[in-house]
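Colleague: My file is data06.cif. It has mmCIF, C-alpha atoms:
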```
data_start
loop_
_atom_site.label_atom_id
_atom_site.label_comp_id
_atom_site.auth_asym_id
_atom_site.auth_seq_id
_atom_site.Cartn_x
_atom_site.Cartn_y
_atom_site.Cartn_z
CA MET W 1 -25.10 -21.54 -7.64
CA SER W 2 -25.17 -25.37 -7.74
CA GLN W 3 -21.44 -26.11 -7.79
CA PRO W 4 -20.32 -25.98 -4.16
CA SER W 5 -17.44 -28.48 -4.35
CA ARG W 6 -15.51 -27.08 -7.30
CA PRO W 7 -12.01 -25.83 -6.48
CA LEU W 8 -12.01 -22.07 -6.30
CA SER W 9 -9.29 -19.77 -7.53
CA PRO W 10 -6.50 -19.44 -6.52
CA HIS W 11 -6.45 -23.01 -5.14
CA LEU W 12 -3.07 -22.79 -3.43
CA GLN W 13 -2.86 -26.46 -2.47
CA VAL W 14 -2.19 -27.68 -6.03
CA TYR W 15 0.96 -25.62 -6.52
CA ARG W 16 4.49 -26.88 -6.16
CA TRP W 17 6.44 -24.21 -4.32
CA GLN W 18 8.66 -22.23 -6.64
CA VAL W 19 9.97 -18.70 -7.02
CA SER W 20 7.02 -17.38 -9.01
CA ASN W 21 4.19 -18.40 -6.71
CA THR W 22 6.18 -17.70 -3.53
CA LEU W 23 6.82 -14.13 -4.65
CA SER W 24 3.23 -13.75 -5.80
CA ILE W 25 1.98 -14.76 -2.36
CA LEU W 26 4.59 -12.51 -0.76
CA HIS W 27 3.24 -9.64 -2.88
CA ARG W 28 -0.22 -10.19 -1.42
CA MET W 29 1.06 -10.63 2.13
CA THR W 30 3.16 -7.48 1.96
CA GLY W 31 0.14 -5.73 0.44
CA VAL W 32 -2.00 -6.68 3.44
CA ALA W 33 0.81 -5.63 5.80
CA LEU W 34 1.01 -2.28 4.03
CA SER W 35 -2.77 -1.82 4.32
CA VAL W 36 -2.28 -2.11 8.08
CA GLY W 37 0.65 0.26 7.63
CA ALA W 38 -1.72 2.75 5.96
CA LEU W 39 -3.78 2.57 9.14
CA ALA W 40 -0.67 3.45 11.14
CA LEU W 41 0.20 6.28 8.74
CA VAL W 42 -3.24 7.83 9.11
CA GLY W 43 -3.01 7.29 12.89
CA TRP W 44 0.29 9.17 12.81
CA LEU W 45 -1.32 12.07 10.88
CA LEU W 46 -4.32 12.07 13.26
CA ALA W 47 -1.98 12.19 16.26
CA LEU W 48 -0.03 15.01 14.64
CA ALA W 49 -3.26 16.92 14.02
CA ALA W 50 -4.46 16.31 17.59
CA GLY W 51 -1.43 18.00 19.14
CA GLN W 52 1.90 17.51 20.84
CA GLY W 53 0.68 15.18 23.61
CA SER W 54 -1.05 12.77 21.22
CA PHE W 55 1.89 12.82 18.84
CA LEU W 56 4.30 11.98 21.64
CA GLN W 57 2.06 9.11 22.82
CA PHE W 58 1.77 7.77 19.28
CA SER W 59 5.51 8.03 18.65
CA ASP W 60 6.20 6.18 21.90
CA LEU W 61 4.28 3.17 20.54
CA PHE W 62 7.07 2.70 17.99
CA ARG W 63 10.06 3.21 20.25
CA GLY W 64 10.03 -0.21 21.90
CA PHE W 65 11.21 -3.51 20.47
CA VAL W 66 7.79 -4.45 19.06
CA GLY W 67 7.34 -1.02 17.50
CA GLN W 68 10.77 -1.01 15.87
CA PHE W 69 10.17 -4.54 14.61
CA LEU W 70 6.88 -3.39 13.04
CA LEU W 71 8.62 -0.45 11.35
CA LEU W 72 11.34 -2.76 10.04
CA GLY W 73 8.68 -5.14 8.71
CA TRP W 74 6.72 -2.34 7.06
CA SER W 75 9.84 -0.89 5.46
CA PHE W 76 10.76 -4.25 3.91
CA ALA W 77 7.13 -4.84 2.88
CA PHE W 78 7.11 -1.41 1.26
CA PHE W 79 10.32 -1.87 -0.69
CA TYR W 80 9.37 -5.38 -1.77
CA HIS W 81 5.84 -4.42 -2.82
CA LEU W 82 7.23 -1.37 -4.65
CA CYS W 83 9.88 -3.32 -6.60
CA ASN W 84 7.68 -6.31 -7.31
CA GLY W 85 4.84 -3.95 -8.22
CA ILE W 86 7.06 -2.38 -10.87
CA ARG W 87 7.79 -5.93 -12.08
CA HIS W 88 4.03 -6.48 -12.32
CA LEU W 89 3.58 -3.23 -14.25
CA ALA W 90 6.27 -4.36 -16.71
CA TRP W 91 4.33 -7.61 -17.22
CA ASP W 92 1.20 -5.54 -17.87
CA ILE W 93 2.91 -3.94 -20.85
CA ASP W 94 4.17 -7.39 -21.91
CA ARG W 95 7.79 -6.98 -20.79
CA GLY W 96 9.79 -9.67 -19.01
CA PHE W 97 7.09 -12.31 -19.06
CA ASP W 98 9.41 -15.10 -20.25
CA LYS W 99 9.52 -17.88 -17.64
CA HIS W 100 13.28 -17.89 -17.09
CA PHE W 101 13.59 -14.13 -17.08
CA ALA W 102 10.62 -13.82 -14.70
CA ARG W 103 12.39 -16.14 -12.25
CA LYS W 104 15.56 -14.04 -12.41
CA SER W 105 13.70 -10.73 -12.09
CA GLY W 106 11.89 -12.17 -9.06
CA LEU W 107 15.13 -12.99 -7.26
CA PHE W 108 16.53 -9.61 -8.32
CA VAL W 109 13.51 -7.83 -6.85
CA VAL W 110 13.97 -9.59 -3.49
CA ALA W 111 17.66 -8.65 -3.43
CA VAL W 112 16.91 -5.01 -4.26
CA ALA W 113 14.18 -4.88 -1.62
CA VAL W 114 16.54 -6.21 1.07
CA LEU W 115 19.24 -3.77 -0.05
CA LEU W 116 16.88 -0.76 -0.01
CA THR W 117 15.61 -1.76 3.45
CA LEU W 118 19.19 -1.89 4.75
CA VAL W 119 20.09 1.45 3.12
CA PHE W 120 16.92 3.05 4.51
CA TRP W 121 17.69 1.93 8.06
CA GLY W 122 21.36 2.74 7.68
CA VAL W 123 20.52 6.33 6.76
CA ALA W 124 17.78 6.56 9.40
CA LEU W 125 20.00 5.32 12.22
CA ALA W 126 23.01 7.38 11.08
CA GLY W 127 20.84 10.50 11.02
CA GLY W 128 19.26 9.69 14.36
CA ALA W 129 15.78 10.08 12.86
CA ALA W 130 14.56 6.67 14.02
CA MET B 131 -8.94 6.14 -20.82
CA ASN B 132 -11.12 3.28 -21.99
CA SER B 133 -9.08 0.10 -22.15
CA ARG B 134 -11.97 -2.13 -23.16
CA SER B 135 -12.19 -3.76 -26.55
CA PRO B 136 -14.95 -2.47 -28.86
CA LEU B 137 -16.79 -5.77 -28.42
CA GLY B 138 -16.39 -5.54 -24.63
CA SER B 139 -17.85 -2.03 -24.64
CA ALA B 140 -20.77 -3.16 -26.73
CA LEU B 141 -21.59 -6.21 -24.63
CA GLY B 142 -21.23 -4.70 -21.18
CA HIS B 143 -19.05 -5.52 -18.26
CA GLY B 144 -17.72 -9.03 -18.74
CA SER B 145 -17.96 -11.99 -16.40
CA ALA B 146 -16.84 -10.10 -13.29
CA GLY B 147 -19.64 -7.57 -13.74
CA SER B 148 -17.38 -4.54 -13.47
CA GLY B 149 -15.35 -4.40 -16.67
CA THR B 150 -11.77 -3.15 -16.57
CA GLY B 151 -12.42 -0.39 -14.04
CA HIS B 152 -10.95 -2.21 -11.04
CA TRP B 153 -7.88 -3.43 -12.90
CA TRP B 154 -7.17 -0.03 -14.39
CA GLY B 155 -7.69 1.80 -11.08
CA GLN B 156 -5.23 -0.54 -9.38
CA ARG B 157 -2.58 0.16 -12.05
CA LEU B 158 -3.08 3.93 -12.05
CA SER B 159 -2.88 4.14 -8.26
CA ALA B 160 0.22 1.88 -8.34
CA VAL B 161 1.95 4.21 -10.79
CA ALA B 162 0.99 7.25 -8.69
CA LEU B 163 2.26 5.60 -5.52
CA VAL B 164 5.79 5.06 -6.87
CA PRO B 165 6.81 8.76 -6.71
CA LEU B 166 4.50 9.59 -3.77
CA THR B 167 5.77 6.87 -1.42
CA LEU B 168 9.41 7.43 -2.39
CA TRP B 169 8.99 11.16 -1.77
CA PHE B 170 7.52 10.37 1.66
CA ALA B 171 10.30 7.93 2.61
CA VAL B 172 13.10 10.23 1.44
CA SER B 173 11.46 13.24 3.14
CA LEU B 174 11.28 11.44 6.49
CA LEU B 175 14.93 10.44 6.18
CA GLY B 176 15.86 14.05 5.39
CA LEU B 177 14.18 15.54 8.45
CA PRO B 178 16.54 16.41 11.32
CA GLY B 179 14.21 14.57 13.72
CA LEU B 180 10.75 13.10 13.98
CA ASP B 181 9.60 15.24 16.91
CA TYR B 182 6.30 17.13 16.95
CA TYR B 183 7.60 20.55 15.88
CA THR B 184 9.83 19.32 13.08
CA VAL B 185 7.16 17.05 11.59
CA SER B 186 4.40 19.67 12.01
CA ALA B 187 6.40 22.37 10.23
CA TRP B 188 7.32 19.96 7.45
CA ALA B 189 3.78 18.63 6.93
CA ALA B 190 2.22 22.10 7.04
CA ALA B 191 4.19 23.46 4.07
CA PRO B 192 1.62 23.78 1.25
CA LEU B 193 3.44 21.53 -1.22
CA HIS B 194 4.02 18.86 1.44
CA ALA B 195 0.40 19.04 2.61
CA ILE B 196 -0.88 18.59 -0.95
CA LEU B 197 1.49 15.68 -1.57
CA LEU B 198 0.44 14.10 1.76
CA VAL B 199 -3.23 14.35 0.72
CA LEU B 200 -2.41 12.75 -2.63
CA LEU B 201 -0.40 10.04 -0.86
CA VAL B 202 -3.27 9.24 1.52
CA ILE B 203 -5.83 9.10 -1.30
CA ALA B 204 -3.72 6.97 -3.66
CA LEU B 205 -2.58 4.67 -0.83
CA VAL B 206 -6.06 4.13 0.59
CA TYR B 207 -7.57 3.64 -2.88
CA HIS B 208 -4.88 1.11 -3.82
CA SER B 209 -5.35 -0.67 -0.48
CA ALA B 210 -9.13 -0.75 -0.95
CA LEU B 211 -8.80 -2.36 -4.39
CA GLY B 212 -6.12 -4.83 -3.27
CA THR B 213 -7.82 -6.04 -0.10
CA GLN B 214 -11.09 -6.31 -2.04
CA VAL B 215 -9.52 -8.83 -4.45
CA ILE B 216 -8.06 -10.82 -1.57
CA ALA B 217 -11.45 -10.97 0.16
CA GLU B 218 -13.10 -12.02 -3.11
CA ASP B 219 -10.50 -14.75 -3.64
CA TYR B 220 -10.43 -16.32 -0.20
CA ILE B 221 -13.86 -15.81 1.34
CA HIS B 222 -16.18 -18.29 -0.29
CA THR B 223 -19.30 -17.97 1.88
CA PRO B 224 -21.53 -15.42 0.10
CA GLY B 225 -22.86 -13.89 3.33
CA SER B 226 -19.56 -13.27 5.06
CA ARG B 227 -17.99 -12.18 1.78
CA ILE B 228 -20.51 -9.37 1.37
CA VAL B 229 -20.09 -8.32 5.00
CA VAL B 230 -16.28 -8.28 4.75
CA LEU B 231 -16.34 -6.41 1.43
CA ALA B 232 -18.70 -3.81 2.89
CA LEU B 233 -16.58 -3.40 6.04
CA LEU B 234 -13.41 -3.07 3.95
CA ARG B 235 -15.04 -0.39 1.82
CA PHE B 236 -16.33 1.54 4.86
CA ALA B 237 -12.98 1.27 6.64
CA HIS B 238 -11.07 2.58 3.64
CA ILE B 239 -13.41 5.52 3.10
CA ALA B 240 -13.13 6.39 6.81
CA LEU B 241 -9.34 6.09 6.59
CA ALA B 242 -9.18 8.45 3.61
CA ALA B 243 -11.45 10.98 5.32
CA ALA B 244 -9.41 10.85 8.54
CA GLY B 245 -6.10 11.19 6.72
CA VAL B 246 -7.16 14.07 4.48
CA PHE B 247 -8.85 15.94 7.33
CA SER B 248 -5.78 15.52 9.56
CA VAL B 249 -3.50 17.01 6.94
CA PHE B 250 -5.95 19.90 6.54
CA LEU B 251 -5.88 20.54 10.29
CA ILE B 252 -2.09 20.37 10.45
CA ALA B 253 -1.66 22.73 7.51
CA THR B 254 -4.17 25.33 8.66
CA ARG B 255 -3.01 25.31 12.28
CA ALA B 256 0.68 25.72 11.65
CA GLY B 257 0.11 28.20 8.85
CA ALA B 258 -1.65 30.62 11.21
#
```
Can you dump the structure from the file as structure tokens?
Modeller:
Amino acid sequence: MSQPSRPLSPHLQVYRWQVSNTLSILHRMTGVALSVGALALVGWLLALAAGQGSFLQFSDLFRGFVGQFLLLGWSFAFFYHLCNGIRHLAWDIDRGFDKHFARKSGLFVVAVAVLLTLVFWGVALAGGAA
Amino acid sequence: MNSRSPLGSALGHGSAGSGTGHWWGQRLSAVALVPLTLWFAVSLLGLPGLDYYTVSAWAAAPLHAILLVLLVIALVYHSALGTQVIAEDYIHTPGSRIVVLALLRFAHIALAAAGVFSVFLIATRAGA
């Protein structure tokens, strides 16, 4: 390889910030967050398999402020990545790819993700499950 | 399903060296994760509590155990493919890129094994 100074994809520095690239980056960031979340999910299953003591210890990690903040972050990341992922799947079958529509669907997806996060926590807190 | 063009099939794998396999796997796992993750979220909300006995009994039911295994596999597979692309995009030094890609692959396989085995333990223990 004799081309060390060529810009490499996806050279973020040449973009002007706009809805499309912001949401695209957010999709990746929430994806990484959810990969860490997968680690926590498997940790939760491991703790459950290990027995009552381990499960209690693991659950305690998420009772404090930091733990609840993490759960809130993961829940939003999940709902955003889910909704925007469906938007991506629609693009894959050539639906909604028009520039103006894509901008609107992007803002819609963020609104739905925020709404679903609020509903999720509303139900969780009302039921006392959290 | 083979989503390659006839010419693509004839010539080989394209410039990335892997054909459409990665792309297609990411889409299939995404589609699978829509019902699986929603089922998981709604199930947790529906439980009367998240204490050891409630969660154990719930996870040990055969249908729930099977769905949990499917969730772990689809989630870890999707995560493996996604983080792989991010590493390929942002790590430009060939040496560290290979190391990170290998570690990501190992970590994801370990995660899948741990998750599936845990569900197996939970289901067999509580079923006895």
Colleague: Smallest atom-to-atom distance to chain W: which of B:Ala210, B:Leu193, B:Ile252, B:Ala237, using all atoms listed in the file?
Modeller: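 Looking only at the distances to chain W, the closest residue turns out to be B:Ile252.
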Colleague: What residues come out when you apply the PyMOL selection byres ((chain B and resi 234) around 10) to this file, written as an mmCIF file with C-alpha atoms, in the frame of the given file?
Modeller:
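Final output, saved to selection04.cif:
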```
data_model
loop_
_atom_site.group_PDB
_atom_site.id
_atom_site.type_symbol
_atom_site.label_atom_id
_atom_site.label_comp_id
_atom_site.auth_asym_id
_atom_site.auth_seq_id
_atom_site.Cartn_x
_atom_site.Cartn_y
_atom_site.Cartn_z
ATOM 1 C CA SER B 209 -5.350 -0.670 -0.480
ATOM 2 C CA ALA B 210 -9.130 -0.750 -0.950
ATOM 3 C CA LEU B 211 -8.800 -2.360 -4.390
ATOM 4 C CA THR B 213 -7.820 -6.040 -0.100
ATOM 5 C CA GLN B 214 -11.090 -6.310 -2.040
ATOM 6 C CA ALA B 217 -11.450 -10.970 0.160
ATOM 7 C CA ILE B 228 -20.510 -9.370 1.370
ATOM 8 C CA VAL B 229 -20.090 -8.320 5.000
ATOM 9 C CA VAL B 230 -16.280 -8.280 4.750
ATOM 10 C CA LEU B 231 -16.340 -6.410 1.430
ATOM 11 C CA ALA B 232 -18.700 -3.810 2.890
ATOM 12 C CA LEU B 233 -16.580 -3.400 6.040
ATOM 13 C CA ARG B 235 -15.040 -0.390 1.820
ATOM 14 C CA PHE B 236 -16.330 1.540 4.860
ATOM 15 C CA ALA B 237 -12.980 1.270 6.640
ATOM 16 C CA HIS B 238 -11.070 2.580 3.640
ATOM 17 C CA ILE B 239 -13.410 5.520 3.100
ATOM 18 C CA ALA B 240 -13.130 6.390 6.810
#
```
Colleague: Write out as a list in words which residues come within 8 Å of segment 111-127 of chain W when counting all atoms listed in the file, dropping same-chain ones fewer than 5 positions away.
Modeller: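 Near segment 111-127 of chain W, the qualifying residues are Leu72, Ser75, Phe76, Phe79, Tyr80 and Cys83 of chain W; Leu175 and Pro178 of chain B.
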Colleague: Name the residues captured by the PyMOL selection byres ((chain W and resi 74) around 10) when it is applied to the shown file; answer as a list of chain:residue names.
Modeller: W:Thr30, W:Gly31, W:Ala33, W:Leu34, W:Ser35, W:Val36, W:Gly37, W:Ala38, W:Gln68, W:Phe69, W:Leu70, W:Leu71, W:Leu72, W:Gly73, W:Ser75, W:Phe76, W:Ala77, W:Phe78, W:Phe79, W:Tyr80, W:Thr117
Colleague: What are the residues of chain W that have an atom within 6 Å of an atom of chain B, counting all atoms listed in the file, as a list in words?
Modeller: Ser35, Val42, Leu45, Leu46, Ala49, Gln52, Ala124 and Ala129 of chain W
Colleague: I need the residues from that last selection saved to file as a short mmCIF file (atom, residue, chain, number, x, y, z; two decimals), in the coordinates of the input (with C-alpha atoms), if you can.
Modeller:
```
data_model
loop_
_atom_site.label_atom_id
_atom_site.label_comp_id
_atom_site.auth_asym_id
_atom_site.auth_seq_id
_atom_site.Cartn_x
_atom_site.Cartn_y
_atom_site.Cartn_z
CA SER W 35 -2.77 -1.82 4.32
CA VAL W 42 -3.24 7.83 9.11
CA LEU W 45 -1.32 12.07 10.88
CA LEU W 46 -4.32 12.07 13.26
CA ALA W 49 -3.26 16.92 14.02
CA GLN W 52 1.90 17.51 20.84
CA ALA W 124 17.78 6.56 9.40
CA ALA W 129 15.78 10.08 12.86
#
```
Colleague: Could you work out how far atom CA of Leu107 of chain W lies from atom CA of Gly155 of chain B, giving the answer in Å with one decimal?
Modeller: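 If I compute the distance from atom CA of Gly155 of chain B to atom CA of Leu107 of chain W, I get 27.5 Å.
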Colleague: Can you measure atom CA of Leu23 of chain W to atom CA of Gly106 of chain W for me? One decimal in Å is fine.
Modeller: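 These two atoms are separated by 7.0 Å.
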Colleague: Could you list as a list in words every residue that has an atom within 12 Å of (2.6, -2.9, -16.1), using the file's coordinates and counting all atoms listed in the file?
Modeller: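 Selection result: Cys83, Asn84, Gly85, Ile86, Arg87, His88, Leu89, Ala90, Trp91, Asp92, Ile93, Asp94, Arg95, Gly96 and Phe97 of chain W; Trp153, Trp154, Gln156, Arg157, Leu158, Ser159, Ala160 and Val161 of chain B.
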Colleague: So that all listed atoms of segment 179-187 of chain B fit with 3 Å spare on each side, what axis-aligned box centre and edge lengths in Å, to one decimal, would you give as AutoDock Vina command-line options?
Modeller:
```
--center_x 9.3 --center_y 17.7 --center_z 13.6 --size_x 15.8 --size_y 15.3 --size_z 12.7
```
Colleague: Can you measure atom CA of Leu166 of chain B to atom CA of His27 of chain W for me? One decimal in Å is fine.
Modeller: 19.3 Å
